[in-house]
Amino acid sequence: MPRYADHPTVSVAVDVAATPEHLWPLISDITVPVGLSRELQAATWLPPHTGPAPGAMFEGTNQHPVVGTWTVRCHVAVCEPGRAFGWDPGGPEAPLAKWCFFLDPVDAATTRLTFWAQMGLGPSGLTPAIEADPEREEEIVQGRLDQWRANMQATIEGIKALAEG
């Protein structure tokens with residue numbers, strides 16, 4: 001069972017009948033996952049940024065039935081057109097986690113879309129729950145990883161449907 005300090009990761013993948021160049025606008029548009037994930041409610045670029053670029057900042061608004069609604073500033077840490085788009089909630093100095101989409105060509109018409117995330121880089125919404133019940137840390141972390149996995153899978157399946165539709 002994972003512990004928070006071990007920086008556990010989760011990833012999901014799906015093959016999409018589209019080229020990396022076709023998928024790039026979908027993975028780098030921060031508004032696309034809104035509505036595909038149960039948690040992400042809104043995403044907005046922060047001035048002066050209006051789109052994906054290394055170092056760009058955006059705010060994401062999330063909602064969870066237990067925690068409620070929160071907004072977090074995110075820093076674009078990976079921006080490689082046609083290859084990868086990733087961000088660090090909390091910013092580069094104090095990331096709460098890391099999130100990244102990866103595009104890997106399978107053949108001329110198919111791309112493997114992978115969505116990867118890592119937790120435990122800094123204090124997060126799980127920290128108070130773990131501090132309140134340290135004996136259940138592994139269960140709390142695994143439960144959150146399972147929630148992430150479900151939302152990440154829904155997101156990549158939604159992107160696949162958009163790309164292939």
# chains A, B, ... in the order shown; residues from 1 in each chain; ligands from 1
call {"tool": "residues_around", "arguments": {"residues": "range 92-101 of chain A", "least_positions_apart": "3", "cutoff": "7 Å", "atoms": "only C-alpha atoms", "output": "JSON, numbers by chain"}}
result
{"A": [27, 75, 84, 85, 86, 87, 88, 89, 113, 114, 115, 116, 117, 118, 119, 120, 121, 122, 123, 124]}
call {"tool": "write_last_selection", "arguments": {"atoms": "all heavy atoms", "output": "compact mmCIF listing (two decimals), in the first residue's frame"}}
result
# COMPACT_ATOMS: atom_id res chain seq x y z
N ILE A 27 -5.07 17.93 -25.75
CA ILE A 27 -4.41 17.74 -24.45
C ILE A 27 -3.84 19.04 -23.89
O ILE A 27 -3.64 19.15 -22.69
CB ILE A 27 -3.31 16.65 -24.49
CG1 ILE A 27 -2.12 17.08 -25.32
CG2 ILE A 27 -3.89 15.32 -24.95
CD1 ILE A 27 -0.86 16.26 -25.06
N HIS A 75 1.23 25.55 -12.82
CA HIS A 75 2.36 26.00 -13.62
C HIS A 75 2.59 24.97 -14.72
O HIS A 75 2.72 23.77 -14.44
CB HIS A 75 3.58 26.11 -12.70
CG HIS A 75 4.87 26.27 -13.42
ND1 HIS A 75 5.71 25.21 -13.68
CD2 HIS A 75 5.47 27.37 -13.92
CE1 HIS A 75 6.78 25.66 -14.31
NE2 HIS A 75 6.66 26.95 -14.46
N ALA A 84 4.01 16.07 -25.30
CA ALA A 84 3.65 16.03 -23.88
C ALA A 84 3.19 17.41 -23.40
O ALA A 84 3.69 18.44 -23.86
CB ALA A 84 4.84 15.57 -23.04
N PHE A 85 2.24 17.38 -22.47
CA PHE A 85 1.77 18.60 -21.82
C PHE A 85 1.55 18.28 -20.34
O PHE A 85 0.78 17.38 -20.00
CB PHE A 85 0.45 19.09 -22.43
CG PHE A 85 -0.07 20.35 -21.79
CD1 PHE A 85 0.55 21.57 -22.03
CD2 PHE A 85 -1.15 20.31 -20.94
CE1 PHE A 85 0.09 22.74 -21.42
CE2 PHE A 85 -1.63 21.46 -20.33
CZ PHE A 85 -1.00 22.68 -20.58
N GLY A 86 2.27 19.01 -19.47
CA GLY A 86 2.16 18.72 -18.04
C GLY A 86 2.17 19.98 -17.20
O GLY A 86 2.65 21.03 -17.62
N TRP A 87 1.64 19.85 -15.99
CA TRP A 87 1.53 21.00 -15.09
C TRP A 87 1.71 20.56 -13.65
O TRP A 87 1.53 19.40 -13.30
CB TRP A 87 0.19 21.71 -15.28
CG TRP A 87 -1.00 20.85 -14.97
CD1 TRP A 87 -1.71 20.82 -13.80
CD2 TRP A 87 -1.62 19.88 -15.81
NE1 TRP A 87 -2.72 19.89 -13.87
CE2 TRP A 87 -2.69 19.31 -15.11
CE3 TRP A 87 -1.38 19.44 -17.12
CZ2 TRP A 87 -3.50 18.32 -15.64
CZ3 TRP A 87 -2.19 18.45 -17.66
CH2 TRP A 87 -3.25 17.90 -16.92
N ASP A 88 2.11 21.55 -12.84
CA ASP A 88 2.32 21.33 -11.41
C ASP A 88 1.34 22.21 -10.64
O ASP A 88 1.51 23.43 -10.63
CB ASP A 88 3.74 21.72 -11.00
CG ASP A 88 4.82 20.92 -11.71
OD1 ASP A 88 4.51 19.85 -12.26
OD2 ASP A 88 5.98 21.37 -11.69
N PRO A 89 0.33 21.64 -10.01
CA PRO A 89 -0.52 22.44 -9.13
C PRO A 89 0.32 23.00 -7.99
O PRO A 89 1.16 22.30 -7.43
CB PRO A 89 -1.56 21.45 -8.61
CG PRO A 89 -1.51 20.30 -9.55
CD PRO A 89 -0.11 20.25 -10.09
N LEU A 113 -2.34 7.64 -25.91
CA LEU A 113 -2.51 8.78 -25.02
C LEU A 113 -2.40 8.26 -23.59
O LEU A 113 -3.20 7.42 -23.17
CB LEU A 113 -3.88 9.44 -25.25
CG LEU A 113 -4.34 10.48 -24.22
CD1 LEU A 113 -3.37 11.66 -24.16
CD2 LEU A 113 -5.76 10.95 -24.57
N THR A 114 -1.40 8.76 -22.87
CA THR A 114 -1.19 8.38 -21.48
C THR A 114 -1.40 9.60 -20.60
O THR A 114 -0.94 10.69 -20.94
CB THR A 114 0.24 7.83 -21.26
OG1 THR A 114 0.43 6.71 -22.13
CG2 THR A 114 0.46 7.41 -19.82
N PHE A 115 -2.10 9.42 -19.50
CA PHE A 115 -2.31 10.47 -18.51
C PHE A 115 -1.66 9.95 -17.24
O PHE A 115 -2.01 8.88 -16.74
CB PHE A 115 -3.80 10.71 -18.33
CG PHE A 115 -4.18 11.98 -17.61
CD1 PHE A 115 -3.26 12.94 -17.25
CD2 PHE A 115 -5.52 12.21 -17.31
CE1 PHE A 115 -3.64 14.11 -16.60
CE2 PHE A 115 -5.91 13.36 -16.66
CZ PHE A 115 -4.97 14.32 -16.30
N TRP A 116 -0.68 10.70 -16.71
CA TRP A 116 0.14 10.30 -15.58
C TRP A 116 0.04 11.37 -14.49
O TRP A 116 -0.04 12.56 -14.80
CB TRP A 116 1.58 10.15 -16.07
CG TRP A 116 2.60 9.90 -15.01
CD1 TRP A 116 3.02 8.68 -14.56
CD2 TRP A 116 3.36 10.88 -14.29
NE1 TRP A 116 4.00 8.85 -13.59
CE2 TRP A 116 4.22 10.19 -13.41
CE3 TRP A 116 3.38 12.28 -14.28
CZ2 TRP A 116 5.09 10.85 -12.55
CZ3 TRP A 116 4.25 12.93 -13.43
CH2 TRP A 116 5.09 12.21 -12.58
N ALA A 117 0.08 10.95 -13.24
CA ALA A 117 0.08 11.90 -12.12
C ALA A 117 0.90 11.34 -10.97
O ALA A 117 1.03 10.13 -10.80
CB ALA A 117 -1.34 12.18 -11.66
N GLN A 118 1.44 12.27 -10.18
CA GLN A 118 2.23 11.92 -9.00
C GLN A 118 1.78 12.78 -7.83
O GLN A 118 1.61 13.99 -7.97
CB GLN A 118 3.71 12.16 -9.27
CG GLN A 118 4.61 11.79 -8.10
CD GLN A 118 6.07 12.02 -8.43
OE1 GLN A 118 6.42 12.87 -9.22
NE2 GLN A 118 6.93 11.23 -7.80
N MET A 119 1.58 12.17 -6.69
CA MET A 119 1.20 12.91 -5.48
C MET A 119 2.33 12.87 -4.46
O MET A 119 3.31 12.17 -4.64
CB MET A 119 -0.11 12.38 -4.88
CG MET A 119 0.01 11.03 -4.21
SD MET A 119 -1.39 10.53 -3.17
CE MET A 119 -2.80 10.68 -4.21
N GLY A 120 2.15 13.66 -3.40
CA GLY A 120 3.06 13.59 -2.28
C GLY A 120 4.27 14.49 -2.37
O GLY A 120 5.22 14.31 -1.62
N LEU A 121 4.24 15.44 -3.27
CA LEU A 121 5.40 16.32 -3.41
C LEU A 121 5.40 17.43 -2.38
O LEU A 121 6.44 18.00 -2.07
CB LEU A 121 5.45 16.89 -4.82
CG LEU A 121 5.52 15.81 -5.91
CD1 LEU A 121 5.38 16.41 -7.27
CD2 LEU A 121 6.82 15.04 -5.79
N GLY A 122 4.25 17.77 -1.88
CA GLY A 122 4.11 18.80 -0.86
C GLY A 122 2.79 18.60 -0.15
O GLY A 122 2.00 17.72 -0.54
N PRO A 123 2.51 19.37 0.88
CA PRO A 123 1.22 19.24 1.56
C PRO A 123 0.07 19.47 0.58
O PRO A 123 0.15 20.33 -0.29
CB PRO A 123 1.26 20.33 2.62
CG PRO A 123 2.70 20.66 2.79
CD PRO A 123 3.35 20.40 1.46
N SER A 124 -0.98 18.68 0.72
CA SER A 124 -2.14 18.82 -0.17
C SER A 124 -3.41 18.61 0.65
O SER A 124 -3.36 18.53 1.88
CB SER A 124 -2.06 17.78 -1.29
OG SER A 124 -2.38 16.49 -0.80
call {"tool": "select_by_dssp", "arguments": {"residues": "chain A", "states": "strand (DSSP E)", "output": "ChimeraX atom specification"}}
result
/A:9-16,40-45,57-64,68-80,84-89,97-107,110-119
call {"tool": "atom_distance", "arguments": {"atom1": "CA of Met57 in chain A", "atom2": "CA of Ala77 in chain A"}}
result
9.5 Å
call {"tool": "atom_distance", "arguments": {"atom1": "CA of Ile140 in chain A", "atom2": "CA of Thr9 in chain A"}}
result
14.4 Å
call {"tool": "closest_residue", "arguments": {"among": "A:Asp146, A:Asp15, A:Asp133, A:Glu39", "to": "Gly68 in chain A", "atoms": "only C-alpha atoms"}}
result
A:Glu39
call {"tool": "closest_residue", "arguments": {"among": "A:Val10, A:Gln142, A:Ala18, A:Arg3", "to": "Val106 in chain A", "atoms": "only C-alpha atoms"}}
result
A:Ala18
call {"tool": "decode", "arguments": {"residues": "range 68-116 of chain A", "atoms": "N, CA and C atoms", "output": "compact mmCIF listing (two decimals), in the first residue's frame"}}
result
# COMPACT_ATOMS: atom_id res chain seq x y z
N GLY A 68 -15.21 19.60 -0.81
CA GLY A 68 -15.87 20.81 -1.28
C GLY A 68 -15.21 21.33 -2.54
N THR A 69 -15.22 22.65 -2.73
CA THR A 69 -14.68 23.28 -3.93
C THR A 69 -13.41 24.03 -3.58
N TRP A 70 -12.41 23.94 -4.45
CA TRP A 70 -11.16 24.67 -4.24
C TRP A 70 -10.58 25.07 -5.59
N THR A 71 -9.77 26.11 -5.56
CA THR A 71 -9.07 26.59 -6.75
C THR A 71 -7.57 26.54 -6.48
N VAL A 72 -6.83 26.11 -7.48
CA VAL A 72 -5.38 26.00 -7.34
C VAL A 72 -4.71 26.59 -8.59
N ARG A 73 -3.61 27.30 -8.36
CA ARG A 73 -2.80 27.81 -9.47
C ARG A 73 -1.89 26.69 -9.95
N CYS A 74 -1.78 26.58 -11.25
CA CYS A 74 -0.96 25.54 -11.85
C CYS A 74 0.07 26.16 -12.78
N HIS A 75 1.23 25.55 -12.82
CA HIS A 75 2.36 26.00 -13.62
C HIS A 75 2.59 24.97 -14.72
N VAL A 76 2.65 25.43 -15.98
CA VAL A 76 2.94 24.51 -17.08
C VAL A 76 4.43 24.16 -17.01
N ALA A 77 4.69 22.90 -16.69
CA ALA A 77 6.06 22.42 -16.51
C ALA A 77 6.59 21.70 -17.74
N VAL A 78 5.69 21.15 -18.56
CA VAL A 78 6.06 20.42 -19.77
C VAL A 78 5.16 20.91 -20.90
N CYS A 79 5.77 21.38 -21.98
CA CYS A 79 5.00 21.85 -23.12
C CYS A 79 5.78 21.53 -24.39
N GLU A 80 5.59 20.31 -24.86
CA GLU A 80 6.28 19.82 -26.05
C GLU A 80 5.23 19.45 -27.09
N PRO A 81 4.90 20.39 -28.01
CA PRO A 81 3.84 20.14 -28.99
C PRO A 81 4.00 18.79 -29.69
N GLY A 82 2.88 18.06 -29.72
CA GLY A 82 2.85 16.75 -30.34
C GLY A 82 3.43 15.64 -29.49
N ARG A 83 3.92 15.98 -28.26
CA ARG A 83 4.56 14.96 -27.43
C ARG A 83 4.05 14.89 -26.00
N ALA A 84 4.01 16.07 -25.30
CA ALA A 84 3.65 16.03 -23.88
C ALA A 84 3.19 17.41 -23.40
N PHE A 85 2.24 17.38 -22.47
CA PHE A 85 1.77 18.60 -21.82
C PHE A 85 1.55 18.28 -20.34
N GLY A 86 2.27 19.01 -19.47
CA GLY A 86 2.16 18.72 -18.04
C GLY A 86 2.17 19.98 -17.20
N TRP A 87 1.64 19.85 -15.99
CA TRP A 87 1.53 21.00 -15.09
C TRP A 87 1.71 20.56 -13.65
N ASP A 88 2.11 21.55 -12.84
CA ASP A 88 2.32 21.33 -11.41
C ASP A 88 1.34 22.21 -10.64
N PRO A 89 0.33 21.64 -10.01
CA PRO A 89 -0.52 22.44 -9.13
C PRO A 89 0.32 23.00 -7.99
N GLY A 90 0.10 24.24 -7.65
CA GLY A 90 0.86 24.88 -6.59
C GLY A 90 2.07 25.63 -7.10
N GLY A 91 2.46 25.38 -8.34
CA GLY A 91 3.58 26.11 -8.93
C GLY A 91 4.90 25.39 -8.78
N PRO A 92 5.92 25.90 -9.45
CA PRO A 92 7.21 25.21 -9.47
C PRO A 92 7.95 25.21 -8.13
N GLU A 93 7.71 26.20 -7.30
CA GLU A 93 8.42 26.26 -6.03
C GLU A 93 7.84 25.31 -4.99
N ALA A 94 6.55 25.05 -5.06
CA ALA A 94 5.89 24.19 -4.07
C ALA A 94 4.81 23.34 -4.73
N PRO A 95 5.22 22.43 -5.63
CA PRO A 95 4.19 21.62 -6.29
C PRO A 95 3.47 20.70 -5.31
N LEU A 96 2.16 20.63 -5.49
CA LEU A 96 1.35 19.73 -4.67
C LEU A 96 1.33 18.33 -5.29
N ALA A 97 1.51 18.32 -6.61
CA ALA A 97 1.47 17.09 -7.39
C ALA A 97 2.08 17.41 -8.75
N LYS A 98 2.10 16.42 -9.61
CA LYS A 98 2.49 16.61 -11.02
C LYS A 98 1.48 15.85 -11.86
N TRP A 99 1.10 16.47 -12.99
CA TRP A 99 0.16 15.86 -13.92
C TRP A 99 0.74 16.00 -15.32
N CYS A 100 0.57 15.00 -16.17
CA CYS A 100 1.09 15.11 -17.53
C CYS A 100 0.35 14.17 -18.48
N PHE A 101 0.08 14.70 -19.68
CA PHE A 101 -0.39 13.89 -20.81
C PHE A 101 0.82 13.59 -21.68
N PHE A 102 0.90 12.37 -22.19
CA PHE A 102 1.96 11.98 -23.12
C PHE A 102 1.33 11.42 -24.39
N LEU A 103 1.93 11.73 -25.53
CA LEU A 103 1.48 11.23 -26.82
C LEU A 103 2.61 10.40 -27.43
N ASP A 104 2.34 9.12 -27.69
CA ASP A 104 3.33 8.23 -28.27
C ASP A 104 2.74 7.55 -29.50
N PRO A 105 3.31 7.81 -30.69
CA PRO A 105 2.79 7.16 -31.90
C PRO A 105 2.89 5.64 -31.80
N VAL A 106 1.81 4.97 -32.16
CA VAL A 106 1.79 3.51 -32.23
C VAL A 106 2.08 3.10 -33.66
N ASP A 107 1.43 3.77 -34.59
CA ASP A 107 1.67 3.60 -36.03
C ASP A 107 1.26 4.91 -36.70
N ALA A 108 1.17 4.94 -38.02
CA ALA A 108 0.92 6.20 -38.74
C ALA A 108 -0.43 6.82 -38.41
N ALA A 109 -1.38 6.01 -37.92
CA ALA A 109 -2.72 6.53 -37.69
C ALA A 109 -3.19 6.39 -36.24
N THR A 110 -2.35 5.89 -35.35
CA THR A 110 -2.76 5.63 -33.98
C THR A 110 -1.73 6.20 -33.00
N THR A 111 -2.24 6.80 -31.93
CA THR A 111 -1.39 7.36 -30.89
C THR A 111 -1.84 6.82 -29.54
N ARG A 112 -0.87 6.44 -28.72
CA ARG A 112 -1.18 6.06 -27.34
C ARG A 112 -1.19 7.34 -26.50
N LEU A 113 -2.34 7.64 -25.91
CA LEU A 113 -2.51 8.78 -25.02
C LEU A 113 -2.40 8.26 -23.59
N THR A 114 -1.40 8.76 -22.87
CA THR A 114 -1.19 8.38 -21.48
C THR A 114 -1.40 9.60 -20.60
N PHE A 115 -2.10 9.42 -19.50
CA PHE A 115 -2.31 10.47 -18.51
C PHE A 115 -1.66 9.95 -17.24
N TRP A 116 -0.68 10.70 -16.71
CA TRP A 116 0.14 10.30 -15.58
C TRP A 116 0.04 11.37 -14.49
